[in-house]
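Visitor: Sharing structure22.cif, mmCIF, C-alpha atoms and all ligand atoms:
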data_final
#
loop_
_atom_site.group_PDB
_atom_site.id
_atom_site.type_symbol
_atom_site.label_atom_id
_atom_site.label_comp_id
_atom_site.auth_asym_id
_atom_site.auth_seq_id
_atom_site.Cartn_x
_atom_site.Cartn_y
_atom_site.Cartn_z
ATOM 1 C CA MET A 1 115.090 175.368 175.780
ATOM 2 C CA LYS A 2 117.960 174.760 178.189
ATOM 3 C CA ILE A 3 118.009 172.011 180.760
ATOM 4 C CA ILE A 4 120.101 172.936 183.779
ATOM 5 C CA THR A 5 120.882 170.466 186.534
ATOM 6 C CA THR A 6 123.274 172.306 188.855
ATOM 7 C CA VAL A 7 122.613 175.224 191.198
ATOM 8 C CA LYS A 8 125.830 176.970 190.156
ATOM 9 C CA GLU A 9 124.969 176.877 186.451
ATOM 10 C CA MET A 10 121.405 178.030 187.177
ATOM 11 C CA GLN A 11 122.708 180.976 189.233
ATOM 12 C CA THR A 12 125.172 182.002 186.503
ATOM 13 C CA GLU A 13 122.401 181.850 183.906
ATOM 14 C CA ALA A 14 120.042 183.843 186.170
ATOM 15 C CA ASP A 15 122.725 186.512 186.738
ATOM 16 C CA GLN A 16 123.210 186.894 182.988
ATOM 17 C CA ILE A 17 119.457 187.202 182.380
ATOM 18 C CA ARG A 18 119.126 189.799 185.133
ATOM 19 C CA GLN A 19 122.131 191.770 183.837
ATOM 20 C CA SER A 20 120.471 191.946 180.410
ATOM 21 C CA GLY A 21 117.448 193.591 182.065
ATOM 22 C CA ARG A 22 115.049 190.718 181.448
ATOM 23 C CA ILE A 23 112.436 189.620 183.994
ATOM 24 C CA ILE A 24 112.600 186.030 185.247
ATOM 25 C CA GLY A 25 109.319 184.182 185.850
ATOM 26 C CA PHE A 26 109.520 180.950 187.821
ATOM 27 C CA VAL A 27 107.145 177.997 188.160
ATOM 28 C CA PRO A 28 108.292 175.413 190.729
ATOM 29 C CA THR A 29 106.745 171.946 190.297
ATOM 30 C CA MET A 30 107.284 168.303 191.098
ATOM 31 C CA GLY A 31 106.751 167.448 187.421
ATOM 32 C CA TYR A 32 104.341 165.022 185.765
ATOM 33 C CA LEU A 33 102.834 168.133 184.267
ATOM 34 C CA HIS A 34 99.110 168.654 183.728
ATOM 35 C CA GLU A 35 96.910 171.574 182.659
ATOM 36 C CA GLY A 36 97.178 173.104 186.158
ATOM 37 C CA HIS A 37 100.963 173.424 185.812
ATOM 38 C CA ILE A 38 100.576 174.586 182.203
ATOM 39 C CA SER A 39 98.258 177.406 183.318
ATOM 40 C CA LEU A 40 100.996 178.671 185.657
ATOM 41 C CA LEU A 41 103.577 178.523 182.841
ATOM 42 C CA ARG A 42 101.243 180.564 180.615
ATOM 43 C CA ILE A 43 100.845 183.228 183.291
ATOM 44 C CA ALA A 44 104.628 183.387 183.686
ATOM 45 C CA ARG A 45 105.037 183.530 179.877
ATOM 46 C CA LYS A 46 102.621 186.457 179.633
ATOM 47 C CA GLN A 47 104.052 188.473 182.490
ATOM 48 C CA THR A 48 107.787 187.851 182.281
ATOM 49 C CA ASP A 49 110.593 187.580 179.700
ATOM 50 C CA VAL A 50 112.306 184.335 180.661
ATOM 51 C CA VAL A 51 110.309 181.398 181.996
ATOM 52 C CA VAL A 52 112.042 178.906 184.267
ATOM 53 C CA LEU A 53 110.250 175.684 185.205
ATOM 54 C CA SER A 54 111.711 173.552 187.964
ATOM 55 C CA ILE A 55 110.987 169.862 188.172
ATOM 56 C CA TYR A 56 112.021 168.394 191.482
ATOM 57 C CA VAL A 57 110.259 165.814 193.654
ATOM 58 C CA ASN A 58 111.436 167.182 196.969
ATOM 59 C CA PRO A 59 111.993 164.343 199.462
ATOM 60 C CA THR A 60 111.920 166.587 202.543
ATOM 61 C CA GLN A 61 108.241 167.438 202.085
ATOM 62 C CA PHE A 62 107.184 163.773 202.202
ATOM 63 C CA ALA A 63 106.807 161.871 205.469
ATOM 64 C CA PRO A 64 108.322 158.349 205.540
ATOM 65 C CA HIS A 65 104.884 156.720 205.101
ATOM 66 C CA GLU A 66 103.905 158.962 202.172
ATOM 67 C CA ASP A 67 104.177 158.437 198.401
ATOM 68 C CA LEU A 68 107.685 159.752 197.589
ATOM 69 C CA ASP A 69 108.810 156.536 195.901
ATOM 70 C CA ARG A 70 105.737 156.055 193.768
ATOM 71 C CA TYR A 71 105.188 159.757 192.963
ATOM 72 C CA PRO A 72 104.766 159.831 189.140
ATOM 73 C CA ARG A 73 107.819 160.968 187.172
ATOM 74 C CA ASP A 74 108.273 161.263 183.390
ATOM 75 C CA PHE A 75 110.911 163.790 182.473
ATOM 76 C CA GLU A 76 110.724 163.161 178.715
ATOM 77 C CA ARG A 77 106.980 163.849 178.681
ATOM 78 C CA ASP A 78 107.448 166.972 180.821
ATOM 79 C CA ARG A 79 110.277 168.182 178.567
ATOM 80 C CA LYS A 80 108.018 168.007 175.495
ATOM 81 C CA LEU A 81 105.154 169.812 177.242
ATOM 82 C CA ALA A 82 107.525 172.512 178.499
ATOM 83 C CA GLU A 83 108.889 172.976 174.983
ATOM 84 C CA GLN A 84 105.364 173.384 173.619
ATOM 85 C CA GLU A 85 104.783 176.114 176.200
ATOM 86 C CA SER A 86 107.985 177.955 175.176
ATOM 87 C CA VAL A 87 109.640 177.442 178.534
ATOM 88 C CA ASP A 88 113.164 178.849 178.341
ATOM 89 C CA ILE A 89 114.861 176.812 181.048
ATOM 90 C CA ILE A 90 114.016 173.639 182.930
ATOM 91 C CA PHE A 91 115.862 173.476 186.235
ATOM 92 C CA TYR A 92 116.085 169.765 186.994
ATOM 93 C CA PRO A 93 118.405 169.149 189.942
ATOM 94 C CA SER A 94 119.172 165.812 191.593
ATOM 95 C CA ASN A 95 118.716 165.106 195.308
ATOM 96 C CA LYS A 96 122.492 165.183 195.721
ATOM 97 C CA GLU A 97 122.606 168.639 194.157
ATOM 98 C CA MET A 98 119.844 169.978 196.427
ATOM 99 C CA TYR A 99 120.805 168.219 199.662
ATOM 100 C CA PRO A 100 124.488 167.266 199.454
ATOM 101 C CA PRO A 101 126.040 165.264 202.288
ATOM 102 C CA GLY A 102 126.395 167.527 205.326
ATOM 103 C CA TYR A 103 123.255 169.547 204.570
ATOM 104 C CA HIS A 104 121.767 170.921 207.844
ATOM 105 C CA THR A 105 119.481 173.927 207.262
ATOM 106 C CA THR A 106 115.695 174.280 207.229
ATOM 107 C CA VAL A 107 113.325 177.223 206.801
ATOM 108 C CA HIS A 108 110.222 177.142 208.961
ATOM 109 C CA VAL A 109 107.150 179.415 208.900
ATOM 110 C CA GLU A 110 105.332 179.307 212.230
ATOM 111 C CA LYS A 111 101.583 179.321 212.959
ATOM 112 C CA LEU A 112 100.292 179.185 209.354
ATOM 113 C CA THR A 113 101.828 175.720 209.012
ATOM 114 C CA GLU A 114 100.172 174.335 212.143
ATOM 115 C CA THR A 115 96.591 174.065 210.825
ATOM 116 C CA LEU A 116 94.815 172.392 207.898
ATOM 117 C CA CYS A 117 97.359 170.159 206.072
ATOM 118 C CA GLY A 118 99.950 170.921 208.765
ATOM 119 C CA THR A 119 97.974 168.897 211.311
ATOM 120 C CA SER A 120 98.305 165.582 209.517
ATOM 121 C CA ARG A 121 101.555 166.493 207.693
ATOM 122 C CA PRO A 122 103.569 168.194 210.468
ATOM 123 C CA PHE A 123 106.876 168.445 208.562
ATOM 124 C CA HIS A 124 105.464 168.987 205.100
ATOM 125 C CA PHE A 125 105.568 172.785 204.944
ATOM 126 C CA GLN A 126 109.054 172.966 206.399
ATOM 127 C CA GLY A 127 110.142 170.820 203.439
ATOM 128 C CA VAL A 128 108.271 173.106 201.051
ATOM 129 C CA THR A 129 109.632 176.381 202.433
ATOM 130 C CA THR A 130 113.158 175.006 202.587
ATOM 131 C CA VAL A 131 113.124 173.744 199.013
ATOM 132 C CA CYS A 132 111.430 176.907 197.711
ATOM 133 C CA THR A 133 114.082 179.053 199.401
ATOM 134 C CA LYS A 134 116.795 176.973 197.773
ATOM 135 C CA LEU A 135 115.043 177.077 194.391
ATOM 136 C CA PHE A 136 114.569 180.848 194.662
ATOM 137 C CA HIS A 137 118.287 181.263 195.403
ATOM 138 C CA ALA A 138 119.148 179.160 192.369
ATOM 139 C CA VAL A 139 116.687 180.701 189.891
ATOM 140 C CA LYS A 140 116.688 184.292 191.266
ATOM 141 C CA PRO A 141 113.173 185.000 189.932
ATOM 142 C CA HIS A 142 111.477 188.386 189.848
ATOM 143 C CA VAL A 143 108.109 186.609 189.853
ATOM 144 C CA ALA A 144 107.097 183.122 190.998
ATOM 145 C CA VAL A 145 103.727 181.589 190.134
ATOM 146 C CA PHE A 146 101.961 179.177 192.493
ATOM 147 C CA GLY A 147 98.520 177.532 192.271
ATOM 148 C CA GLN A 148 95.483 178.211 194.449
ATOM 149 C CA LYS A 149 95.016 174.416 194.403
ATOM 150 C CA ASP A 150 97.565 174.324 197.245
ATOM 151 C CA ALA A 151 95.962 177.253 199.067
ATOM 152 C CA GLN A 152 97.856 176.872 202.335
ATOM 153 C CA GLN A 153 101.164 176.444 200.515
ATOM 154 C CA ALA A 154 100.611 179.723 198.645
ATOM 155 C CA ILE A 155 99.824 181.538 201.911
ATOM 156 C CA VAL A 156 102.864 180.064 203.656
ATOM 157 C CA ILE A 157 105.163 180.992 200.752
ATOM 158 C CA ARG A 158 103.813 184.562 200.645
ATOM 159 C CA GLN A 159 104.478 184.866 204.400
ATOM 160 C CA MET A 160 108.010 183.506 204.024
ATOM 161 C CA VAL A 161 108.805 185.871 201.140
ATOM 162 C CA LYS A 162 107.502 188.806 203.188
ATOM 163 C CA ASP A 163 109.191 187.831 206.463
ATOM 164 C CA LEU A 164 112.562 187.033 204.906
ATOM 165 C CA ASP A 165 112.545 190.099 202.619
ATOM 166 C CA MET A 166 112.839 187.994 199.491
ATOM 167 C CA ASP A 167 112.790 190.499 196.661
ATOM 168 C CA MET A 168 110.199 188.885 194.424
ATOM 169 C CA GLU A 169 106.497 188.872 193.593
ATOM 170 C CA ILE A 170 104.272 185.864 194.235
ATOM 171 C CA ILE A 171 101.331 185.310 191.893
ATOM 172 C CA VAL A 172 98.631 182.813 192.860
ATOM 173 C CA ALA A 173 96.743 181.326 189.910
ATOM 174 C CA PRO A 174 93.230 179.788 189.880
ATOM 175 C CA ILE A 175 92.546 176.065 190.253
ATOM 176 C CA ILE A 176 92.296 174.203 186.951
ATOM 177 C CA ARG A 177 89.748 171.379 186.994
ATOM 178 C CA GLU A 178 88.795 168.415 184.844
ATOM 179 C CA LYS A 179 85.477 168.868 182.980
ATOM 180 C CA ASP A 180 83.615 167.077 185.780
ATOM 181 C CA GLY A 181 85.094 169.340 188.467
ATOM 182 C CA LEU A 182 87.937 167.213 189.895
ATOM 183 C CA ALA A 183 90.889 169.506 190.585
ATOM 184 C CA MET A 184 93.820 168.475 188.393
ATOM 185 C CA SER A 185 96.646 166.814 190.279
ATOM 186 C CA SER A 186 99.596 164.604 189.378
ATOM 187 C CA ARG A 187 98.246 162.229 192.039
ATOM 188 C CA ASN A 188 94.939 161.680 190.182
ATOM 189 C CA ILE A 189 96.601 158.872 188.208
ATOM 190 C CA TYR A 190 96.688 156.792 191.407
ATOM 191 C CA LEU A 191 92.872 156.688 191.483
ATOM 192 C CA SER A 192 90.946 153.573 190.419
ATOM 193 C CA PRO A 193 87.841 154.327 188.284
ATOM 194 C CA GLU A 194 85.656 153.911 191.383
ATOM 195 C CA GLU A 195 87.866 156.164 193.533
ATOM 196 C CA ARG A 196 87.974 158.699 190.687
ATOM 197 C CA GLU A 197 84.143 158.747 190.649
ATOM 198 C CA ASN A 198 83.925 159.112 194.436
ATOM 199 C CA ALA A 199 86.583 161.836 194.407
ATOM 200 C CA LEU A 200 84.087 164.100 192.612
ATOM 201 C CA ALA A 201 82.505 164.524 196.047
ATOM 202 C CA LEU A 202 85.318 166.947 196.989
ATOM 203 C CA HIS A 203 84.321 169.523 194.401
ATOM 204 C CA ARG A 204 80.611 168.782 194.846
ATOM 205 C CA SER A 205 80.817 169.379 198.584
ATOM 206 C CA LEU A 206 82.529 172.734 197.945
ATOM 207 C CA LYS A 207 79.743 173.607 195.490
ATOM 208 C CA ILE A 208 77.145 172.656 198.124
ATOM 209 C CA ALA A 209 78.885 174.994 200.579
ATOM 210 C CA GLU A 210 78.986 177.808 198.020
ATOM 211 C CA ASP A 211 75.248 177.360 197.342
ATOM 212 C CA MET A 212 74.422 177.386 201.059
ATOM 213 C CA ILE A 213 76.383 180.610 201.541
ATOM 214 C CA HIS A 214 74.796 182.101 198.429
ATOM 215 C CA ASN A 215 71.407 181.302 199.986
ATOM 216 C CA GLY A 216 72.287 183.120 203.187
ATOM 217 C CA GLU A 217 73.814 180.471 205.493
ATOM 218 C CA ARG A 218 76.674 181.952 207.521
ATOM 219 C CA LYS A 219 77.241 179.380 210.291
ATOM 220 C CA SER A 220 80.373 177.360 209.527
ATOM 221 C CA GLY A 221 79.215 174.452 211.713
ATOM 222 C CA ILE A 222 76.065 173.923 209.639
ATOM 223 C CA ILE A 223 77.931 174.188 206.321
ATOM 224 C CA LEU A 224 80.684 171.823 207.466
ATOM 225 C CA LYS A 225 78.152 169.233 208.653
ATOM 226 C CA THR A 226 76.391 169.250 205.268
ATOM 227 C CA MET A 227 79.725 168.885 203.450
ATOM 228 C CA ARG A 228 80.772 166.083 205.776
ATOM 229 C CA ASP A 229 77.462 164.233 205.234
ATOM 230 C CA HIS A 230 77.876 164.515 201.460
ATOM 231 C CA LEU A 231 81.425 163.143 201.556
ATOM 232 C CA GLU A 232 80.657 160.369 204.021
ATOM 233 C CA GLU A 233 77.945 158.980 201.731
ATOM 234 C CA LYS A 234 80.703 157.932 199.321
ATOM 235 C CA LYS A 235 82.497 154.613 199.582
ATOM 236 C CA HIS A 236 86.292 154.518 200.090
ATOM 237 C CA ILE A 237 86.336 158.178 201.107
ATOM 238 C CA ARG A 238 87.932 159.192 204.397
ATOM 239 C CA ILE A 239 87.973 162.810 205.483
ATOM 240 C CA ASP A 240 91.292 164.153 206.782
ATOM 241 C CA TYR A 241 89.858 167.621 207.450
ATOM 242 C CA ILE A 242 87.261 170.104 206.249
ATOM 243 C CA GLU A 243 87.600 173.637 207.566
ATOM 244 C CA ILE A 244 86.323 177.135 207.049
ATOM 245 C CA VAL A 245 89.068 179.635 207.813
ATOM 246 C CA HIS A 246 90.130 183.202 207.240
ATOM 247 C CA PRO A 247 91.864 183.228 203.824
ATOM 248 C CA GLU A 248 94.931 185.084 205.107
ATOM 249 C CA THR A 249 95.398 184.117 208.751
ATOM 250 C CA LEU A 250 93.964 180.593 208.363
ATOM 251 C CA GLU A 251 92.170 181.044 211.689
ATOM 252 C CA SER A 252 88.951 179.072 212.056
ATOM 253 C CA LEU A 253 85.755 181.042 211.390
ATOM 254 C CA ASP A 254 82.576 180.199 213.325
ATOM 255 C CA THR A 255 80.615 182.657 211.239
ATOM 256 C CA ILE A 256 81.363 183.725 207.690
ATOM 257 C CA LYS A 257 81.468 187.495 207.376
ATOM 258 C CA LYS A 258 83.203 188.751 204.240
ATOM 259 C CA HIS A 259 85.890 186.355 203.078
ATOM 260 C CA ALA A 260 86.453 182.690 203.811
ATOM 261 C CA LEU A 261 88.597 179.844 202.590
ATOM 262 C CA ILE A 262 86.857 176.479 202.621
ATOM 263 C CA ALA A 263 89.545 173.823 202.407
ATOM 264 C CA LEU A 264 89.467 170.057 202.600
ATOM 265 C CA ALA A 265 91.727 167.042 202.401
ATOM 266 C CA VAL A 266 90.232 163.649 201.758
ATOM 267 C CA PHE A 267 91.627 160.176 201.180
ATOM 268 C CA ALA A 268 90.124 158.401 198.168
ATOM 269 C CA GLY A 269 91.425 154.915 198.855
ATOM 270 C CA LYS A 270 95.082 155.531 199.707
ATOM 271 C CA THR A 271 95.350 158.763 197.735
ATOM 272 C CA ARG A 272 95.200 162.027 199.634
ATOM 273 C CA LEU A 273 93.430 164.728 197.623
ATOM 274 C CA ILE A 274 93.005 168.406 198.482
ATOM 275 C CA ASP A 275 90.650 171.054 197.157
ATOM 276 C CA ASN A 276 89.358 174.460 198.230
ATOM 277 C CA THR A 277 87.312 177.479 197.330
ATOM 278 C CA ILE A 278 87.506 181.118 198.362
ATOM 279 C CA ILE A 279 84.218 182.760 199.265
ATOM 280 C CA THR A 280 83.676 186.498 199.048
ATOM 281 C CA ILE A 281 80.322 187.809 200.213
HETATM 282 P P1 LIG A 301 103.034 170.215 192.270
HETATM 283 O O1 LIG A 301 103.784 169.738 191.074
HETATM 284 O O2 LIG A 301 101.823 169.404 192.586
HETATM 285 O O3 LIG A 301 103.928 170.482 193.443
HETATM 286 O O4 LIG A 301 102.444 171.639 191.869
HETATM 287 C C1 LIG A 301 103.253 172.670 191.380
HETATM 288 C C2 LIG A 301 102.449 173.947 191.301
HETATM 289 O O5 LIG A 301 101.307 173.745 190.476
HETATM 290 C C3 LIG A 301 101.911 174.386 192.680
HETATM 291 O O6 LIG A 301 102.012 175.798 192.781
HETATM 292 C C4 LIG A 301 100.476 173.936 192.622
HETATM 293 O O7 LIG A 301 99.599 174.707 193.445
HETATM 294 C C5 LIG A 301 100.147 174.148 191.153
HETATM 295 N N1 LIG A 301 98.992 173.324 190.771
HETATM 296 C C6 LIG A 301 98.861 171.981 190.947
HETATM 297 N N2 LIG A 301 97.642 171.571 190.538
HETATM 298 C C7 LIG A 301 96.997 172.682 190.081
HETATM 299 C C8 LIG A 301 95.697 172.922 189.534
HETATM 300 N N3 LIG A 301 94.810 171.938 189.366
HETATM 301 N N4 LIG A 301 95.376 174.194 189.202
HETATM 302 C C9 LIG A 301 96.270 175.206 189.375
HETATM 303 N N5 LIG A 301 97.507 175.048 189.886
HETATM 304 C C10 LIG A 301 97.866 173.809 190.238
#
Translate the structure of the given file into structure tokens.
Guide:
Amino acid sequence: MKIITTVKEMQTEADQIRQSGRIIGFVPTMGYLHEGHISLLRIARKQTDVVVLSIYVNPTQFAPHEDLDRYPRDFERDRKLAEQESVDIIFYPSNKEMYPPGYHTTVHVEKLTETLCGTSRPFHFQGVTTVCTKLFHAVKPHVAVFGQKDAQQAIVIRQMVKDLDMDMEIIVAPIIREKDGLAMSSRNIYLSPEERENALALHRSLKIAEDMIHNGERKSGIILKTMRDHLEEKKHIRIDYIEIVHPETLESLDTIKKHALIALAVFAGKTRLIDNTIITI
């Protein structure tokens, strides 16, 4: 397994792989790997010849008041896990490598970034699309694998790849959960035992919504109220948003017809957690 820290070296390596006719699969992450990340690496391993994992905590997707400084990092642990998963290359650039002095460019996807997480994190997706563009130009993947856990991110990235004619395929992989239903996240380590217990309400509220829809309810307002009531019963839980939207356009749905994305962001103590489910009737 190679560890590459510069864009130039990564590009040279990618060119050589492409010239040899091999397919590059890419999994971008912020590290502190868990089973969710591992599931993406396994998909890349199965579908491509050379698996590149990037580990980069991208400062431009964090607002000043957010958790950039305390975001968990453990490269040695990640390196071992990547090795176990037969990752071929870890791309592990520094901030100076990604945003050298004099850096001035951003990539912005309109509309899709203005709802859901974009409301309370107005610059977040611009950071994500900018860093993903830069990572794609460094790694030159044929295929990149993202997680459904960050549903809006996956939709925004797909739109960017389409709009900017980026010649690659985006695969979106299912959410991996702990046994009790909590969606895996590097941020779960911030949770106190009590917050961890209360955070189960995210998945439970999505299950409640799924059951209601299964039993014939179609009015988003009624489903959202029941979810809200369930979450608000819990201590130390503050809802950022809960919404039922079209899974491609992210437009709000008053009535569920065929497909819907139910997405929520909730603070458990100071930790912001997200979760979602896609409904198909
Ligand atoms: P992160 O390191 O949190 O930026 O995540 C890197 C990639 O892993 C993103 O595409 C996430 O959507 C994906 N991911 C994170 N958590 C999970 C999970 N529980 N299940 C599936 N994919 C995940």
Visitor: Got a sec to resolve the PyMOL selection byres (((chain A and resi 223) around 12) and not hetatm) on this structure and send the residues as a PyMOL selection string?
Guide: chain A and resi 205-222+224-230+242-244+253-256+262
Visitor: Could you list, as a list in words, every residue matched by the PyMOL selection byres (((chain A and resi 170-172) around 9) and not hetatm) in this structure?
Guide: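 This file gives the following for the PyMOL selection byres (((chain A and resi 170-172) around 9) and not hetatm): Leu40, Ile43, His142, Val143, Ala144, Val145, Phe146, Gly147, Gln148, Ala151, Ala154, Ile157, Arg158, Val161, Met168, Glu169, Ala173 and Pro174 of chain A.
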Visitor: Quick one: residues within 12 Å of range 196-198 of chain A, all atoms listed in the file counted, chain neighbours fewer than 4 positions away excluded, as a ChimeraX atom specification?
Guide: /A:178,180-185,187-192,202-205,230-238,266-273
Visitor: From the list A:Asp49, A:Asp165, A:Asp150, A:Asp88, which residue is nearest Arg18 in chain A when using only C-alpha atoms?
Guide: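 Nearest to Arg18 in chain A: A:Asp49.
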Visitor: Can you work out which one of A:Pro247, A:Gly21, A:Gly102, A:Pro59 has the shortest atom-to-atom distance to ligand LIG 301 (chain A), counting all atoms listed in the file?
Guide: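 So, comparing all the options, the nearest one is A:Pro59.
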Visitor: Find the residue from A:Asp163, A:Asp67, A:Asp275, A:Glu194 that sits nearest to Leu116 in chain A; use all atoms listed in the file when measuring.
Guide: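 The answer is A:Asp275, which sits nearest to Leu116 in chain A.
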Visitor: Which residues are close to Glu9 in chain A, i.e. within 10 Å by only C-alpha atoms, leaving aside same-chain residues fewer than 5 positions away? Reply as a list in words.
Guide: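 Everything that qualifies: Ile4, Ala14, Asp15, Phe91, Ala138 and Val139 of chain A.
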Visitor: CA of Lys162 in chain A and CA of Lys149 in chain A are how many Å apart?
Guide: 21.0 Å
Visitor: Residues picked by the PyMOL selection byres (((chain A and resi 38) around 10) and not hetatm) here, as a PyMOL selection string?
Guide: chain A and resi 27+33-37+39-44+81-82+84-85+176
Visitor: Considering all atoms listed in the file, state which residue in the set A:Thr280, A:Thr113, A:Thr106, A:Gln153 is at the smallest distance from ligand LIG 301 (chain A).
Guide: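 Of A:Thr280, A:Thr113, A:Thr106, A:Gln153, the one nearest ligand LIG 301 (chain A), counting all atoms listed in the file, is A:Gln153.
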Visitor: Measuring between all atoms listed in the file, which one of A:Lys257, A:His124, A:Arg177, A:Arg79 shows the shortest distance to ligand LIG 301 (chain A)?
Guide: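 Using all atoms listed in the file, the shortest distance to ligand LIG 301 (chain A) belongs to A:Arg177.
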Visitor: I'd like to know which of A:Asn95, A:Asn58, A:Ser120, A:Ser86 is closest to ligand LIG 301 (chain A), using all atoms listed in the file.
Guide: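 Among the listed residues, A:Asn58 lies closest to ligand LIG 301 (chain A).
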Visitor: Report, as lines of an AutoDock Vina configuration file, the centre and edge lengths in Å (one decimal) of the axis-aligned box enclosing every listed atom of ligand LIG 301 (chain A), padded by 5 Å on each side.
Guide:
center_x = 99.4
center_y = 172.6
center_z = 191.3
size_x = 19.1
size_y = 16.4
size_z = 14.2
Visitor: Which residues, protein or nucleic acid, reach to within 12 Å of (106.6, 158.5, 193.4) in the file's coordinates when using all atoms listed in the file, and can you give that as JSON, numbers by chain?
Guide: {"A": [30, 31, 32, 56, 57, 58, 59, 62, 65, 66, 67, 68, 69, 70, 71, 72, 73, 74, 186, 187, 189, 190]}
Visitor: Please indicate the distance in Å from CA of Phe75 in chain A to CA of Gly127 in chain A, rounded to one decimal place.
Guide: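 So the answer is 22.1 Å.
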Visitor: Go ahead and compute the interatomic distance for atom C9 of ligand LIG 301 (chain A) and CA of Glu97 in chain A, in Å to one decimal.
Guide: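 Interatomic distance here is 27.6 Å.
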